[in-house]
file query-v4.tsv (TSV, N, CA and C atoms)
chain	number	residue	atom	x	y	z
A	1016	MET	N	0.84	-1.16	0.00
A	1016	MET	CA	0.00	0.00	0.00
A	1016	MET	C	0.89	1.23	0.00
A	1017	PHE	N	0.66	2.13	-0.95
A	1017	PHE	CA	1.40	3.38	-1.01
A	1017	PHE	C	0.65	4.43	-0.21
A	1018	THR	N	1.35	5.09	0.68
A	1018	THR	CA	0.78	6.17	1.47
A	1018	THR	C	1.66	7.39	1.27
A	1019	GLY	N	1.08	8.45	0.77
A	1019	GLY	CA	1.85	9.67	0.56
A	1019	GLY	C	1.27	10.48	-0.58
A	1020	VAL	N	2.10	11.31	-1.16
A	1020	VAL	CA	1.71	12.17	-2.27
A	1020	VAL	C	2.48	11.71	-3.50
A	1021	ALA	N	1.76	11.46	-4.59
A	1021	ALA	CA	2.42	11.02	-5.82
A	1021	ALA	C	3.40	12.08	-6.30
A	1022	LEU	N	4.48	11.64	-6.87
A	1022	LEU	CA	5.56	12.51	-7.30
A	1022	LEU	C	5.09	13.66	-8.19
A	1023	PRO	N	4.23	13.41	-9.18
A	1023	PRO	CA	3.79	14.53	-10.03
A	1023	PRO	C	2.95	15.58	-9.28
A	1024	GLU	N	2.40	15.22	-8.14
A	1024	GLU	CA	1.57	16.14	-7.37
A	1024	GLU	C	2.34	16.89	-6.29
A	1025	LYS	N	3.59	16.53	-6.07
A	1025	LYS	CA	4.38	17.14	-5.00
A	1025	LYS	C	4.73	18.58	-5.35
A	1026	SER	N	4.74	19.40	-4.32
A	1026	SER	CA	5.15	20.79	-4.47
A	1026	SER	C	5.78	21.24	-3.17
A	1027	VAL	N	6.22	22.46	-3.15
A	1027	VAL	CA	6.83	23.02	-1.94
A	1027	VAL	C	5.82	23.03	-0.79
A	1028	GLN	N	4.54	23.04	-1.10
A	1028	GLN	CA	3.51	23.04	-0.07
A	1028	GLN	C	3.50	21.72	0.71
A	1029	HIS	N	4.14	20.69	0.18
A	1029	HIS	CA	4.17	19.40	0.86
A	1029	HIS	C	5.39	19.25	1.77
A	1030	SER	N	6.21	20.29	1.87
A	1030	SER	CA	7.37	20.20	2.76
A	1030	SER	C	6.88	20.11	4.21
A	1031	GLY	N	7.59	19.38	5.01
A	1031	GLY	CA	7.20	19.20	6.40
A	1031	GLY	C	6.23	18.07	6.63
A	1032	MET	N	5.78	17.42	5.55
A	1032	MET	CA	4.87	16.29	5.69
A	1032	MET	C	5.67	15.03	5.99
A	1033	LEU	N	5.00	14.03	6.49
A	1033	LEU	CA	5.64	12.74	6.72
A	1033	LEU	C	6.12	12.17	5.39
A	1034	PRO	N	7.16	11.35	5.39
A	1034	PRO	CA	7.67	10.78	4.14
A	1034	PRO	C	6.68	9.78	3.54
A	1035	ASP	N	6.81	9.59	2.24
A	1035	ASP	CA	6.01	8.60	1.54
A	1035	ASP	C	6.43	7.21	2.00
A	1036	VAL	N	5.47	6.28	2.03
A	1036	VAL	CA	5.74	4.94	2.55
A	1036	VAL	C	5.04	3.91	1.68
A	1037	VAL	N	5.74	2.81	1.42
A	1037	VAL	CA	5.12	1.63	0.82
A	1037	VAL	C	5.09	0.56	1.89
A	1038	THR	N	3.90	0.08	2.22
A	1038	THR	CA	3.73	-0.96	3.23
A	1038	THR	C	3.39	-2.27	2.53
A	1039	ILE	N	4.09	-3.31	2.90
A	1039	ILE	CA	3.82	-4.64	2.35
A	1039	ILE	C	3.23	-5.50	3.46
A	1040	TYR	N	2.07	-6.05	3.19
A	1040	TYR	CA	1.38	-6.89	4.18
A	1040	TYR	C	1.78	-8.35	3.97
A	1041	ARG	N	2.49	-8.89	4.93
A	1041	ARG	CA	3.07	-10.23	4.83
A	1041	ARG	C	2.04	-11.31	4.50
A	1042	LEU	N	0.95	-11.35	5.23
A	1042	LEU	CA	-0.03	-12.42	5.00
A	1042	LEU	C	-0.68	-12.31	3.63
A	1043	GLY	N	-0.97	-11.10	3.18
A	1043	GLY	CA	-1.55	-10.90	1.85
A	1043	GLY	C	-0.61	-11.33	0.74
A	1044	ILE	N	0.67	-10.97	0.89
A	1044	ILE	CA	1.68	-11.36	-0.09
A	1044	ILE	C	1.82	-12.88	-0.12
A	1045	MET	N	1.87	-13.49	1.04
A	1045	MET	CA	2.02	-14.95	1.10
A	1045	MET	C	0.82	-15.66	0.48
A	1046	GLU	N	-0.37	-15.15	0.74
A	1046	GLU	CA	-1.57	-15.76	0.17
A	1046	GLU	C	-1.59	-15.62	-1.35
A	1047	ALA	N	-1.21	-14.46	-1.85
A	1047	ALA	CA	-1.20	-14.23	-3.30
A	1047	ALA	C	-0.15	-15.10	-4.00
A	1048	ALA	N	0.91	-15.45	-3.30
A	1048	ALA	CA	2.00	-16.22	-3.89
A	1048	ALA	C	1.75	-17.73	-3.87
A	1049	ARG	N	0.75	-18.19	-3.14
A	1049	ARG	CA	0.49	-19.63	-3.06
A	1049	ARG	C	-0.05	-20.16	-4.38
A	1050	ASP	N	0.30	-21.41	-4.69
A	1050	ASP	CA	-0.23	-22.04	-5.89
A	1050	ASP	C	-1.63	-22.60	-5.60
A	1051	LYS	N	-2.23	-23.26	-6.59
A	1051	LYS	CA	-3.61	-23.74	-6.42
A	1051	LYS	C	-3.74	-24.83	-5.37
A	1052	TRP	N	-2.62	-25.43	-4.95
A	1052	TRP	CA	-2.64	-26.46	-3.91
A	1052	TRP	C	-2.28	-25.88	-2.55
A	1053	GLY	N	-2.07	-24.57	-2.49
A	1053	GLY	CA	-1.75	-23.92	-1.22
A	1053	GLY	C	-0.28	-23.92	-0.85
A	1054	ARG	N	0.57	-24.37	-1.78
A	1054	ARG	CA	2.01	-24.41	-1.51
A	1054	ARG	C	2.63	-23.05	-1.79
A	1055	LEU	N	3.68	-22.76	-1.05
A	1055	LEU	CA	4.38	-21.49	-1.18
A	1055	LEU	C	5.85	-21.76	-1.44
A	1056	SER	N	6.35	-21.25	-2.55
A	1056	SER	CA	7.77	-21.43	-2.87
A	1056	SER	C	8.49	-20.09	-2.73
A	1057	ALA	N	9.78	-20.17	-2.52
A	1057	ALA	CA	10.59	-18.94	-2.39
A	1057	ALA	C	10.54	-18.13	-3.68
A	1058	ALA	N	10.57	-18.81	-4.82
A	1058	ALA	CA	10.54	-18.10	-6.11
A	1058	ALA	C	9.21	-17.36	-6.30
A	1059	ALA	N	8.10	-18.01	-5.97
A	1059	ALA	CA	6.78	-17.38	-6.11
A	1059	ALA	C	6.65	-16.20	-5.15
A	1060	LEU	N	7.18	-16.34	-3.96
A	1060	LEU	CA	7.14	-15.27	-2.97
A	1060	LEU	C	7.95	-14.07	-3.45
A	1061	ARG	N	9.15	-14.31	-3.95
A	1061	ARG	CA	9.98	-13.22	-4.49
A	1061	ARG	C	9.27	-12.50	-5.63
A	1062	GLU	N	8.64	-13.26	-6.53
A	1062	GLU	CA	7.94	-12.66	-7.66
A	1062	GLU	C	6.75	-11.81	-7.21
A	1063	GLU	N	6.00	-12.30	-6.23
A	1063	GLU	CA	4.86	-11.54	-5.73
A	1063	GLU	C	5.32	-10.25	-5.05
A	1064	ILE	N	6.41	-10.31	-4.31
A	1064	ILE	CA	6.97	-9.10	-3.68
A	1064	ILE	C	7.42	-8.13	-4.76
A	1065	ARG	N	8.09	-8.62	-5.80
A	1065	ARG	CA	8.54	-7.76	-6.90
A	1065	ARG	C	7.37	-7.06	-7.58
A	1066	ILE	N	6.34	-7.82	-7.90
A	1066	ILE	CA	5.16	-7.25	-8.56
A	1066	ILE	C	4.50	-6.21	-7.66
A	1067	THR	N	4.37	-6.52	-6.38
A	1067	THR	CA	3.72	-5.60	-5.43
A	1067	THR	C	4.52	-4.31	-5.30
A	1068	LEU	N	5.83	-4.42	-5.17
A	1068	LEU	CA	6.65	-3.20	-5.07
A	1068	LEU	C	6.57	-2.36	-6.33
A	1069	LEU	N	6.65	-2.99	-7.49
A	1069	LEU	CA	6.53	-2.24	-8.74
A	1069	LEU	C	5.17	-1.56	-8.86
A	1070	HIS	N	4.12	-2.25	-8.44
A	1070	HIS	CA	2.78	-1.69	-8.46
A	1070	HIS	C	2.70	-0.44	-7.57
A	1071	GLU	N	3.19	-0.54	-6.36
A	1071	GLU	CA	3.10	0.58	-5.42
A	1071	GLU	C	4.04	1.73	-5.81
A	1072	LEU	N	5.20	1.42	-6.36
A	1072	LEU	CA	6.09	2.48	-6.84
A	1072	LEU	C	5.50	3.19	-8.05
A	1073	ALA	N	4.72	2.47	-8.84
A	1073	ALA	CA	4.01	3.12	-9.95
A	1073	ALA	C	3.02	4.16	-9.41
A	1074	HIS	N	2.34	3.84	-8.31
A	1074	HIS	CA	1.46	4.83	-7.68
A	1074	HIS	C	2.27	6.05	-7.23
A	1075	PHE	N	3.44	5.82	-6.67
A	1075	PHE	CA	4.31	6.92	-6.26
A	1075	PHE	C	4.63	7.84	-7.43
A	1076	HIS	N	4.79	7.24	-8.62
A	1076	HIS	CA	5.11	8.02	-9.80
A	1076	HIS	C	3.87	8.57	-10.50
A	1077	GLY	N	2.70	8.39	-9.89
A	1077	GLY	CA	1.49	9.04	-10.38
A	1077	GLY	C	0.61	8.21	-11.29
A	1078	LEU	N	0.91	6.94	-11.48
A	1078	LEU	CA	0.08	6.11	-12.34
A	1078	LEU	C	-1.16	5.64	-11.58
A	1079	ASN	N	-2.28	5.54	-12.30
A	1079	ASN	CA	-3.50	5.03	-11.68
A	1079	ASN	C	-3.61	3.53	-11.93
A	1080	GLU	N	-4.63	2.91	-11.37
A	1080	GLU	CA	-4.79	1.45	-11.46
A	1080	GLU	C	-4.86	0.97	-12.90
A	1081	GLU	N	-5.58	1.69	-13.75
A	1081	GLU	CA	-5.72	1.27	-15.15
A	1081	GLU	C	-4.36	1.31	-15.87
A	1082	GLU	N	-3.58	2.35	-15.64
A	1082	GLU	CA	-2.27	2.45	-16.26
A	1082	GLU	C	-1.33	1.35	-15.76
A	1083	ILE	N	-1.42	1.03	-14.48
A	1083	ILE	CA	-0.60	-0.03	-13.92
A	1083	ILE	C	-1.02	-1.38	-14.49
A	1084	GLU	N	-2.30	-1.59	-14.64
A	1084	GLU	CA	-2.82	-2.83	-15.23
A	1084	GLU	C	-2.31	-2.98	-16.68
A	1085	ASP	N	-2.30	-1.88	-17.42
A	1085	ASP	CA	-1.79	-1.92	-18.80
A	1085	ASP	C	-0.32	-2.34	-18.85
A	1086	LEU	N	0.43	-2.03	-17.81
A	1086	LEU	CA	1.84	-2.41	-17.73
A	1086	LEU	C	2.02	-3.86	-17.28
A	1087	GLY	N	0.93	-4.50	-16.82
A	1087	GLY	CA	0.99	-5.88	-16.40
A	1087	GLY	C	1.25	-6.07	-14.90
A	1088	TYR	N	1.08	-5.02	-14.13
A	1088	TYR	CA	1.33	-5.11	-12.69
A	1088	TYR	C	0.06	-4.84	-11.88
A	1089	GLY	N	-1.08	-5.24	-12.40
A	1089	GLY	CA	-2.36	-4.95	-11.77
A	1089	GLY	C	-2.76	-5.79	-10.65
call {"tool": "encode", "arguments": {"input": "query-v4.tsv", "output": "structure tokens"}}
result
Amino acid sequence: MFTGVALPEKSVQHSGMLPDVVTIYRLGIMEAARDKWGRLSAAALREEIRITLLHELAHFHGLNEEEIEDLGYG
């Protein structure tokens, strides 16, 4: 989850605000990485973390859900 102000929207008026943060929820990531039999592999977990980080960093750069989906990180 990205919390903050997207980069294209930042201005001097945002100085003094808390820093932007990307929060990764462990249980959600683990559940999304499981295969259809409920197994969890290190490779699948790494890939899910990578996709999630890229998705949230795209929000930081001002992309909306549709634009992120078009990039394949929806």
call {"tool": "residues_around", "arguments": {"input": "query-v4.tsv", "residues": "His1076 (chain A)", "least_positions_apart": "5", "cutoff": "7 Å", "atoms": "only N, CA and C atoms", "output": "list of chain:residue names"}}
result
A:Ala1021, A:Leu1022, A:Pro1023, A:Glu1071
call {"tool": "select_by_dssp", "arguments": {"input": "query-v4.tsv", "residues": "chain A", "states": "strand (DSSP E)", "output": "ChimeraX atom specification"}}
result
/A:1017-1018,1036-1037
call {"tool": "atom_distance", "arguments": {"input": "query-v4.tsv", "atom1": "atom N of Leu1060 (chain A)", "atom2": "CA of Ala1048 (chain A)"}}
result
5.2 Å
call {"tool": "atom_distance", "arguments": {"input": "query-v4.tsv", "atom1": "CA of Ala1059 (chain A)", "atom2": "CA of Asp1085 (chain A)"}}
result
21.8 Å
call {"tool": "atom_distance", "arguments": {"input": "query-v4.tsv", "atom1": "atom C of Phe1017 (chain A)", "atom2": "atom C of Met1032 (chain A)"}}
result
13.3 Å
call {"tool": "residues_around", "arguments": {"input": "query-v4.tsv", "residues": "Gly1089 (chain A)", "least_positions_apart": "3", "cutoff": "7 Å", "atoms": "all atoms listed in the file", "output": "list in words"}}
result
His1070, Glu1080, Ile1083, Glu1084, Asp1085 and Leu1086 of chain A
